[in-house]
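What follows is one structure encoded as structure tokens, with my remarks underneath.
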Number of protein chains: 4
Amino acid sequence: MITSEVYKLADTVLAKKNIIAAADQLRDYVVSCRRDFHKHAEVGWTEFRTGSIVARTLLDMGGWQVEYGPSIYDKSLMMGMPSEAQLEKYMQRAIAQGGDKEIIEKMRGGYTGVVATLVTGDGNGPTVAFRVDIDANDLIEAKEEKHRPYREGFASINDGAMHGCGHDCHTATGLLAARILLANKDLLPPGKIKIIFQTGEEGGRGGQPMAAAGVADGADYFMAIHVGVQKDGALGGIAAGVSHMMNSTKSDVFFKGVSAHAGGDPDKGKNALLAAANAVINLYAISRHSAGTSRVNVGVLEAGVGRNVIADRAMMKMEVRGETDTVHEYMQERALAVIEGAAKMYGVDYVVKKAGQTITAPCDDKMVDFVVDAAMEIPGIKRAIRVESMSGGGEDCTFFMRRVQAGGGIATMAMIGTNGPAVAHNEYFDVDEEVLLNGAKLIGVVAVNALAKGKAK
Amino acid sequence: MITSEVYKLADTVLAKKNIIAAADQLRDYVVSCRRDFHKHAEVGWTEFRTGSIVARTLLDMGGWQVEYGPSIYDKSLMMGMPSEAQLEKYMQRAIAQGGDKEIIEKMRGGYTGVVATLVTGDGNGPTVAFRVDIDANDLIEAKEEKHRPYREGFASINDGAMHGCGHDCHTATGLLAARILLANKDLLPPGKIKIIFQTGEEGGRGGQPMAAAGVADGADYFMAIHVGVQKDGALGGIAAGVSHMMNSTKSDVFFKGVSAHAGGDPDKGKNALLAAANAVINLYAISRHSAGTSRVNVGVLEAGVGRNVIADRAMMKMEVRGETDTVHEYMQERALAVIEGAAKMYGVDYVVKKAGQTITAPCDDKMVDFVVDAAMEIPGIKRAIRVESMSGGGEDCTFFMRRVQAGGGIATMAMIGTNGPAVAHNEYFDVDEEVLLNGAKLIGVVAVNALAKGKAK
Amino acid sequence: MITSEVYKLADTVLAKKNIIAAADQLRDYVVSCRRDFHKHAEVGWTEFRTGSIVARTLLDMGGWQVEYGPSIYDKSLMMGMPSEAQLEKYMQRAIAQGGDKEIIEKMRGGYTGVVATLVTGDGNGPTVAFRVDIDANDLIEAKEEKHRPYREGFASINDGAMHGCGHDCHTATGLLAARILLANKDLLPPGKIKIIFQTGEEGGRGGQPMAAAGVADGADYFMAIHVGVQKDGALGGIAAGVSHMMNSTKSDVFFKGVSAHAGGDPDKGKNALLAAANAVINLYAISRHSAGTSRVNVGVLEAGVGRNVIADRAMMKMEVRGETDTVHEYMQERALAVIEGAAKMYGVDYVVKKAGQTITAPCDDKMVDFVVDAAMEIPGIKRAIRVESMSGGGEDCTFFMRRVQAGGGIATMAMIGTNGPAVAHNEYFDVDEEVLLNGAKLIGVVAVNALAKGKAK
Amino acid sequence: MITSEVYKLADTVLAKKNIIAAADQLRDYVVSCRRDFHKHAEVGWTEFRTGSIVARTLLDMGGWQVEYGPSIYDKSLMMGMPSEAQLEKYMQRAIAQGGDKEIIEKMRGGYTGVVATLVTGDGNGPTVAFRVDIDANDLIEAKEEKHRPYREGFASINDGAMHGCGHDCHTATGLLAARILLANKDLLPPGKIKIIFQTGEEGGRGGQPMAAAGVADGADYFMAIHVGVQKDGALGGIAAGVSHMMNSTKSDVFFKGVSAHAGGDPDKGKNALLAAANAVINLYAISRHSAGTSRVNVGVLEAGVGRNVIADRAMMKMEVRGETDTVHEYMQERALAVIEGAAKMYGVDYVVKKAGQTITAPCDDKMVDFVVDAAMEIPGIKRAIRVESMSGGGEDCTFFMRRVQAGGGIATMAMIGTNGPAVAHNEYFDVDEEVLLNGAKLIGVVAVNALAKGKAK
């Protein structure tokens, strides 16, 4: 019996060694993957190309069970969905840009996520799950020589979509991890490894319906990853957990007034653009809260149709965030009052439509320690801190975390450090691609350790 | 000699009688013309279908000299032009919707206007010129049963373009007038009749470059027409002149800031959307002027790209108007200060691009009387007033008027009354189509009287 | 009988000659009068010194019947009254500054106006009434050498009160007119002459309650006067009537929120100052009206008590104006919506209290002609136009005009031209004092002619 | 020698026992003191009555050295001073309300603070210094039965001044501590005890010039005290240190435009009130900072003089706060840009005058422990925590703290818990007066322990 245990231990050590080496050998592969996703950036619910290529790649590997389509979503919780006509357009674009037509067809309706499961041994063991997100931002990427993706030809060709938060890296990292884990399958202790390729993280749209569909249920260990970018010195570090994740509510607000000739009949109009402009300024002017950090943003405003016409419509995309439930509720309540007041000032109607949500979830100390220990086994990772403050950020991996925790598992979100010239969501965002290897190695080692350790709690 | 004069007088009387009768017989024709233009509404500089059909129709009539393309524009004064890519798109749409491909090709670059000239007798006589405008508004037409164009199937199929100011009627009226004048060509005294189909009146863009190209030069008599819509009782009336036409300056304003993650790095951004919102409200708040009527409007505002990104760009389409030069200059000067201040508040850059202009021009008393007299000869026209206040409206036919007046001619702008359910630039705008006949008859009778009378001054 | 008529005519001519000569002799008197009122400026309802000196002066002349106190006001219409404590303070100041203590006591409660009546002959004849207003503006007078009232020592010594609209001149003119008419009483045809010294014209507060009390009832002829100031060339001209007088509603708006420590508990407060700031900007942003001139102003805003306290209270003094009833009602309705919306945005309560009102009244053509004819008899008056546009101004002499017109009389408001360095309500406002003589002469000649002519209609 | 040490220890223990007992016996005294100060609330730089009574009381005790007047201030750092006329007015009021005339005369110029020093033994020992602040807030105290100070007759009789932050308690606590320490002087180890009665804490005005004058220099131990109010359960607790004290800059902003008649010449004015309203809203809209807590407030806005006059002046009292230097500088820089932009929008001039400042200073761990230990010796104090977050608050006791720390001493600010119905700076602010005893006892015990312990570092 001792012998058997020793063999198992030897296998585990070997598996990790192999995994780390395999990642290094696949450097070119993962970089080209990342750049391909970067070039064909797709925003939330429209990741038809990205999702279909992820699924196709996993299927082609053989060994991974691959799920996609409506079964991995709770449809009632899919918010902020584009119109059918827009979805159709993006499906056609995805096909034209090399997506897998057959798979895309099954993703119709915005079901663009993928869940991959690897059963090791007899499957009789713990389950360890990872979350990577795959969607791009509503951003127009910089088209200047100083911006490497542009200079080297992989800037986004999809107007209004840019990977400005590194999800292209996460997707590529997930695929690399899948590949190197599969290659060492026979060395792994029995259990299950899941990689969840989540759609629509931006705007807090994909996590909730996928979590509610149960795709992370039963996991004993859960880790979401995200690149953490700083100008210098961040590469090689990780933070095994995050604090200060924000609750947030994302809303689309529509104002409806009455149009009229701005020269001839200005008094006959009801000016939706003016109502929206007032709402915007006063949303930002909502008071800070004594109980913690808050945020508010109106990221998009579109109003009116003609220069000399009183604008009869305005639409804005906004969000509020709060470090605690109290702060978050305060922000949302104040925001609704501001919108109502602004509409009243100009006698226009309005509708507020919820478009997304993030919640907070604590990172489990045990899981944080577990990730720190794993990180310390990886040559490329030089520093691991336990917890980093997200300072204003929100993440909907928290929906998975809460499900996992409710089921008795332990969960965390880890930041994989890397260097880059710009802050997230900026048009010059980029990363040192070495991070792709570090991320895949971390997933690999955490997976091996988790299977080796058994049930977490 | 007396006999000859009497013959001429008889011819003239007969010509007018014929013209009026011909108009009545062509009722179905002119209505279908107007509805065809209405259904295929095209905004300023993109009237490829409308312009090419006007030119083709006139050419097919035989007898009218038809000019179009770059020769009838002073290119240096063409403002507010869409991008080449957009022009190309609209050219293709025009062709797909039945425009004349050959003519459209010559209108490439936005030269979508047409000038038609009919030489009567030996041409040795006065010149009388008419202006009709052909562009649609940036409006989304109502799609409801209560809106006749929708109910009867001729609502605009071009999204974001709608004839909400009646220029479809003007175009059809111009073609009908051309047809009935040509049919009676041999009865007309010697001289020249011009009909100017002007592009881009909305936004004050087409009048200035066409006038500067000299298309109305040499006219002894000039009349622009416009429908004048009221709920009830307006049909059958005309106003032979207008007062209170407004000077206006139309501008596109671009704000450029810096984007950043709204949750993680809000302080790193420079918020162009917030700057624009402040500009909007304070533009409307520019003080009224003691010296006369003023107007200001921001008809379009588009800002930002992503909900959780500090908006780094905003664009707004605005205009100011003033009854006098002083008031107009005051409005423009204050507007620029407001924009500068708003940009400064948020540390963003901005550019103001002039996109159009209208000026004032007095209607000549003599021409007003001349039009009133002509109107009184037409059975369908029951009331003629001399002057109506435009109360806030602007018109760039004034550029033609000033050229004509500078050359010794007399000029006016006449409003042809009709009934309709909504004010101009409203999504429910429509007219009683009887106005098409009244307009064409008025052009016909004014033309005949002008040729018969000889040089105006 | 002819002889008698001739005598009368001679008397009339002589009276006018004497009156004009007497005015010239009293130049120093009227100038010192005006400067005394200017120096001791008192705003509406607090003209205790001014009113009591007017009454005392008239009483001292002997011959004029002098009414003051509650009997000449309809108390229910006295709006915008200061608190009792403030009234008391101003009464004491008036006494300290040389007001007539006994008379002031009878003016307690803000009844600071005076009505003077001169009965000529047996009184059996027409009644001619004049209105002069006596209140100052809420203005802080310039204290610079370049400002003559300061340089010559008659700038207001009452902080926050300044004669910036010339009512000091009107008061002095009224007293001079009283004096020169009385001196020629025996030459005047039988009838009655009234001079109404109205309080609280600024803010539209005094005219309505005095008119409603009937002080101008029974007048056959009515003329209100006002100085009309321009930089140059205005002295020596008059306008016998005005057009475009504005309806207006004056309101005091109170916002009530909740205070809290701005550092420690900003979310606990409800910010009345922020609500008010939003109301202000959006009041100015109310759209221009197609049916005519409008105005809006927030002249005073006071909010908050401590720098680091969320302001729980704000008060603003505002007014809207409209050339027609429609425009005026539109402005008031929109203003109330703006205030309501602004309060709603910040969750604060509000109250709108009406503080004053002006209405329009047409100047009668007959009275305008009558005044022009009178003006032409006066050497100092070189030009008389019939009507001048008030362009945005409002006047509550209209309440008297409507009463007079309703009773069968004819009425006008005349502008007496003069030169001055600044526009009305500016801290540098001043006049060429020659206007005092012209005004008194005009009152004198109009009075004589009216009595001579008999009943107006 | 051992004997001597034992005697000393016994004295020290006895001194503390006596001090605690004495405080309890003087309950009525300290309550009446506090209520007297509460009733005669005086805001910063005008505490002539409060300061003079403090000085007189200390002098009357005999034993304390009492300093006041210009010598305890660095005049160059006295910001936000009222005008001489106002100071004069407040001096007269202070005298009329029972202040010490002779002392007040020496405080002329706003030098209203007091520094008291008690030399124990031969003075050869450590120095321990305490700071209490004495100024009231710019608040209008509630005048309702439910507010105890009103119900029991000690609500402020000075309009616009209210002790809404408990400085009345601090002042009374300081006097009680002085009394009970003096009574046990002979039992105290040798050294020096200082009590600094600081003026103008609100607005961050008094701490800097008093600290710069060196009044706390040489202290080995320093403790500032402040009441910490919560609805329930706070009485009996103390926090021995505070974190998150905010940097702040307080400014007075003046806008200067041009006045004009709002009806007649609105375009001639330059509207300072509108500029200020825009500044206000956009100050609140300054983005949150990713690096920490920030605050902004415009607590007072006063603009305009007359309802129908374009406002030519506006004044606002504002402040920004930031948890770190970076955040604070960001807020101030953005605030200045907002003000400049708002002025530019309306073409008005502006001046920003610095009116006060607070900085941060860390509480020394050793001093915090020292205070916790002392607190645990006091029967009335049931709970002591080491550090409480100030969450947005600022305090200028930090100027003393930094001086003390620079000189080698250790310093803290302690919060003395108490129950009360409302948050600080609210018109219903009040405390459970038991806190007065707890505060005085804490000062007493800390003083004894400090003298007994010797030099701190």
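Naming works like this for the structure tokens: A, B, ... for the chains as they're shown, residue 1 at the start of each chain, ligands 1 onward in shown order.
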Residues near Leu188 in chain A, cut-off 9 Å, only C-alpha atoms, skip fewer than 5 positions along chain, as a CSV table (one decimal) with N, CA and C atoms, in the first residue's frame:
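File written: out05.csv
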```
chain,number,residue,atom,x,y,z
A,8,LYS,N,1.9,6.8,-6.9
A,8,LYS,CA,1.0,7.9,-7.2
A,8,LYS,C,1.6,9.2,-7.0
A,11,ASP,N,3.9,9.8,-9.9
A,11,ASP,CA,3.1,10.2,-11.0
A,11,ASP,C,2.7,11.7,-11.0
A,12,THR,N,2.3,12.1,-9.8
A,12,THR,CA,1.8,13.4,-9.7
A,12,THR,C,3.0,14.4,-9.9
A,15,ALA,N,3.7,14.4,-13.5
A,15,ALA,CA,2.7,15.1,-14.3
A,15,ALA,C,2.9,16.6,-14.3
A,120,THR,N,-10.6,11.8,-15.3
A,120,THR,CA,-9.3,11.1,-15.1
A,120,THR,C,-9.5,9.8,-14.3
A,121,GLY,N,-8.7,8.8,-14.6
A,121,GLY,CA,-8.9,7.5,-13.9
A,121,GLY,C,-10.3,7.0,-14.1
A,181,LEU,N,-2.9,19.3,-20.0
A,181,LEU,CA,-3.5,18.3,-19.1
A,181,LEU,C,-3.8,17.0,-19.7
A,448,VAL,N,-3.6,19.2,-10.8
A,448,VAL,CA,-2.9,18.0,-10.4
A,448,VAL,C,-3.0,17.9,-8.9
A,451,LEU,N,-6.6,17.1,-7.6
A,451,LEU,CA,-6.9,15.7,-7.8
A,451,LEU,C,-6.2,14.8,-6.8
A,452,ALA,N,-4.9,15.2,-6.5
A,452,ALA,CA,-4.1,14.4,-5.6
A,452,ALA,C,-4.6,14.5,-4.2
```
For chain C, report every residue with an atom at most 8 Å from chain D (counting only C-alpha atoms), formatted as an NGL selection string. :C and (137-140 or 160 or 202-203 or 250 or 259-265 or 273-274 or 277-278 or 280-281 or 295-311 or 317-319 or 321 or 390-394 or 423-427)
How many Å lie between CA of Thr50 in chain D and CA of Thr117 in chain D, rounded to one decimal?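 Rounded to one decimal, the two atoms are 18.4 Å apart.
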Which residues come within 12 Å of Asp369 in chain B, counting only C-alpha atoms, excluding same-chain residues fewer than 2 positions away, as a list in words?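 In the requested form, the answer reads Ala239, Ala240, Gly241, Cys363, Asp364, Asp365, Lys366, Met367, Val371, Val372, Asp373, Ala374, Ala375, Met376, Ala384, Ile385, Arg386, Val387, Ile410, Ala411, Thr412, Ala414 and Val446 of chain B.
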Ala136 in chain D: which residues within 6 Å, counting only C-alpha atoms, same-chain residues fewer than 3 positions away excluded, as JSON, numbers by chain? {"D": [41, 42, 43, 162, 163]}
Can you write out the residues you just picked, keeping N, CA and C atoms, as a tab-separated table (two decimals), in the first residue's frame?
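Written file, out.tsv:
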```
chain	number	residue	atom	x	y	z
D	41	ALA	N	-22.93	79.33	21.11
D	41	ALA	CA	-22.03	78.76	20.10
D	41	ALA	C	-21.38	79.85	19.26
D	42	GLU	N	-20.09	79.68	19.00
D	42	GLU	CA	-19.34	80.66	18.20
D	42	GLU	C	-18.50	79.90	17.17
D	43	VAL	N	-18.56	80.32	15.92
D	43	VAL	CA	-17.82	79.60	14.89
D	43	VAL	C	-16.36	80.07	14.85
D	162	MET	N	-23.93	76.62	15.63
D	162	MET	CA	-24.46	75.54	16.48
D	162	MET	C	-23.33	74.57	16.76
D	163	HIS	N	-23.25	74.09	17.96
D	163	HIS	CA	-22.30	73.03	18.25
D	163	HIS	C	-22.86	71.72	17.73
```
Considering only C-alpha atoms, return as a PyMOL selection string whatever protein or nucleic-acid residues lie within 8 Å of Gly454 in chain A, sequence-local ones (same chain, fewer than 4 positions apart) excluded. chain A and resi 125-126+450
Between CA of Pro190 in chain B and CA of Gly407 in chain B, what is the distance, to one decimal in Å?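 One can read the CA of Pro190 in chain B to CA of Gly407 in chain B distance as 20.3 Å.
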Please identify all polymer residues within 9 Å of Ala177 in chain A, counting only C-alpha atoms, omitting same-chain residues fewer than 5 positions from it, and present them as a ChimeraX atom specification. /A:19,23,172,182,195,437,439-444
Would you output that residue set with all heavy atoms, as an mmCIF file, in the first residue's frame?
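That gives us out_4.cif:
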```cif
data_model
loop_
_atom_site.group_PDB
_atom_site.id
_atom_site.type_symbol
_atom_site.label_atom_id
_atom_site.label_comp_id
_atom_site.auth_asym_id
_atom_site.auth_seq_id
_atom_site.Cartn_x
_atom_site.Cartn_y
_atom_site.Cartn_z
ATOM 1 N N ILE A 19 3.730 18.835 -17.456
ATOM 2 C CA ILE A 19 2.791 19.916 -17.795
ATOM 3 C C ILE A 19 3.531 21.236 -17.993
ATOM 4 O O ILE A 19 3.304 21.970 -18.951
ATOM 5 C CB ILE A 19 1.734 20.027 -16.663
ATOM 6 C CG1 ILE A 19 0.664 18.945 -16.874
ATOM 7 C CG2 ILE A 19 1.122 21.412 -16.599
ATOM 8 C CD1 ILE A 19 -0.262 18.754 -15.691
ATOM 9 N N ALA A 23 3.957 23.186 -21.610
ATOM 10 C CA ALA A 23 3.540 24.575 -21.818
ATOM 11 C C ALA A 23 4.645 25.351 -22.517
ATOM 12 O O ALA A 23 4.409 26.067 -23.506
ATOM 13 C CB ALA A 23 3.185 25.219 -20.479
ATOM 14 N N ALA A 172 -6.992 31.624 -24.708
ATOM 15 C CA ALA A 172 -5.827 30.872 -25.181
ATOM 16 C C ALA A 172 -5.205 30.065 -24.037
ATOM 17 O O ALA A 172 -4.792 28.906 -24.214
ATOM 18 C CB ALA A 172 -4.794 31.831 -25.782
ATOM 19 N N LEU A 182 -4.426 17.121 -20.923
ATOM 20 C CA LEU A 182 -4.811 15.925 -21.670
ATOM 21 C C LEU A 182 -3.585 15.053 -21.973
ATOM 22 O O LEU A 182 -3.635 13.821 -21.857
ATOM 23 C CB LEU A 182 -5.516 16.328 -22.970
ATOM 24 C CG LEU A 182 -6.002 15.173 -23.851
ATOM 25 C CD1 LEU A 182 -7.066 14.340 -23.117
ATOM 26 C CD2 LEU A 182 -6.560 15.698 -25.176
ATOM 27 N N ILE A 195 -13.065 22.886 -17.477
ATOM 28 C CA ILE A 195 -12.694 24.257 -17.858
ATOM 29 C C ILE A 195 -13.932 24.915 -18.463
ATOM 30 O O ILE A 195 -14.498 24.417 -19.443
ATOM 31 C CB ILE A 195 -11.526 24.295 -18.858
ATOM 32 C CG1 ILE A 195 -10.336 23.498 -18.290
ATOM 33 C CG2 ILE A 195 -11.104 25.747 -19.135
ATOM 34 C CD1 ILE A 195 -9.111 23.466 -19.206
ATOM 35 N N LEU A 437 1.710 31.373 -20.623
ATOM 36 C CA LEU A 437 2.331 30.160 -20.106
ATOM 37 C C LEU A 437 2.120 30.053 -18.595
ATOM 38 O O LEU A 437 1.783 28.986 -18.076
ATOM 39 C CB LEU A 437 3.831 30.173 -20.431
ATOM 40 C CG LEU A 437 4.150 30.333 -21.924
ATOM 41 C CD1 LEU A 437 5.665 30.247 -22.150
ATOM 42 C CD2 LEU A 437 3.441 29.269 -22.749
ATOM 43 N N GLY A 439 -0.201 31.247 -16.784
ATOM 44 C CA GLY A 439 -1.593 30.929 -16.473
ATOM 45 C C GLY A 439 -1.899 29.456 -16.689
ATOM 46 O O GLY A 439 -2.523 28.795 -15.837
ATOM 47 N N ALA A 440 -1.452 28.940 -17.826
ATOM 48 C CA ALA A 440 -1.728 27.519 -18.135
ATOM 49 C C ALA A 440 -1.021 26.610 -17.141
ATOM 50 O O ALA A 440 -1.568 25.594 -16.694
ATOM 51 C CB ALA A 440 -1.296 27.211 -19.567
ATOM 52 N N LYS A 441 0.206 26.977 -16.794
ATOM 53 C CA LYS A 441 0.937 26.172 -15.808
ATOM 54 C C LYS A 441 0.221 26.184 -14.461
ATOM 55 O O LYS A 441 0.119 25.163 -13.781
ATOM 56 C CB LYS A 441 2.356 26.727 -15.627
ATOM 57 C CG LYS A 441 3.262 26.518 -16.846
ATOM 58 C CD LYS A 441 4.587 27.297 -16.683
ATOM 59 C CE LYS A 441 5.442 27.252 -17.936
ATOM 60 N NZ LYS A 441 6.653 28.108 -17.816
ATOM 61 N N LEU A 442 -0.276 27.344 -14.074
ATOM 62 C CA LEU A 442 -0.963 27.422 -12.785
ATOM 63 C C LEU A 442 -2.207 26.544 -12.786
ATOM 64 O O LEU A 442 -2.468 25.803 -11.832
ATOM 65 C CB LEU A 442 -1.334 28.881 -12.472
ATOM 66 C CG LEU A 442 -1.954 29.092 -11.092
ATOM 67 C CD1 LEU A 442 -0.945 28.782 -9.980
ATOM 68 C CD2 LEU A 442 -2.472 30.524 -10.923
ATOM 69 N N ILE A 443 -2.981 26.635 -13.865
ATOM 70 C CA ILE A 443 -4.164 25.761 -13.967
ATOM 71 C C ILE A 443 -3.728 24.297 -13.864
ATOM 72 O O ILE A 443 -4.321 23.496 -13.124
ATOM 73 C CB ILE A 443 -4.917 26.021 -15.291
ATOM 74 C CG1 ILE A 443 -5.604 27.394 -15.231
ATOM 75 C CG2 ILE A 443 -5.931 24.919 -15.565
ATOM 76 C CD1 ILE A 443 -6.314 27.793 -16.517
ATOM 77 N N GLY A 444 -2.679 23.984 -14.606
ATOM 78 C CA GLY A 444 -2.212 22.598 -14.619
ATOM 79 C C GLY A 444 -1.819 22.119 -13.227
ATOM 80 O O GLY A 444 -2.267 21.047 -12.767
#
```
Residues within 12 Å of Asp232 in chain C, only C-alpha atoms, excluding chain neighbours under 2 positions, as a list in words: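 The contact residues come out as Gly228, Val229, Gln230, Ala234, Leu235, Gly236, Gly237, Gly417, Thr418, Asn419, Gly420, Pro421, Ala422, Val431 and Asp432 of chain C.
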Written file, previous selection with C-alpha atoms, as a CSV table (one decimal), in the first residue's frame:
```csv
chain,number,residue,atom,x,y,z
C,228,GLY,CA,-35.5,105.3,-21.5
C,229,VAL,CA,-31.7,105.2,-21.3
C,230,GLN,CA,-29.2,104.8,-24.2
C,234,ALA,CA,-31.6,109.6,-26.5
C,235,LEU,CA,-32.1,112.8,-24.5
C,236,GLY,CA,-34.8,114.9,-26.0
C,237,GLY,CA,-36.7,112.1,-27.5
C,417,GLY,CA,-35.4,109.5,-23.4
C,418,THR,CA,-32.1,110.2,-21.8
C,419,ASN,CA,-28.4,109.4,-22.0
C,420,GLY,CA,-26.6,107.2,-19.6
C,421,PRO,CA,-23.5,105.0,-19.4
C,422,ALA,CA,-25.1,101.6,-18.6
C,431,VAL,CA,-29.0,109.4,-16.3
C,432,ASP,CA,-28.6,112.8,-17.8
```
May I have all residues of range 204-360 of chain A that DSSP, computed from the backbone, assigns to alpha helix (DSSP H), given as a VMD selection string? chain A and resid 207 to 212 272 to 284 325 to 345
Minimum-distance residue to Arg108 in chain B, chosen among B:Asp186, B:Asp24, B:Asp168, B:Glu84 (using only C-alpha atoms):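 For Arg108 in chain B, the nearest of the given residues is B:Glu84.
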Shortest interatomic distance to Gly408 in chain A - which of A:Ala22, A:Ala219, A:Ala285, A:Val227, counting only C-alpha atoms: A:Ala219
Determine which residues of range 272-423 of chain B receive a DSSP assignment of strand (DSSP E or B), computed from the backbone, and state them as a count of residues only. 50
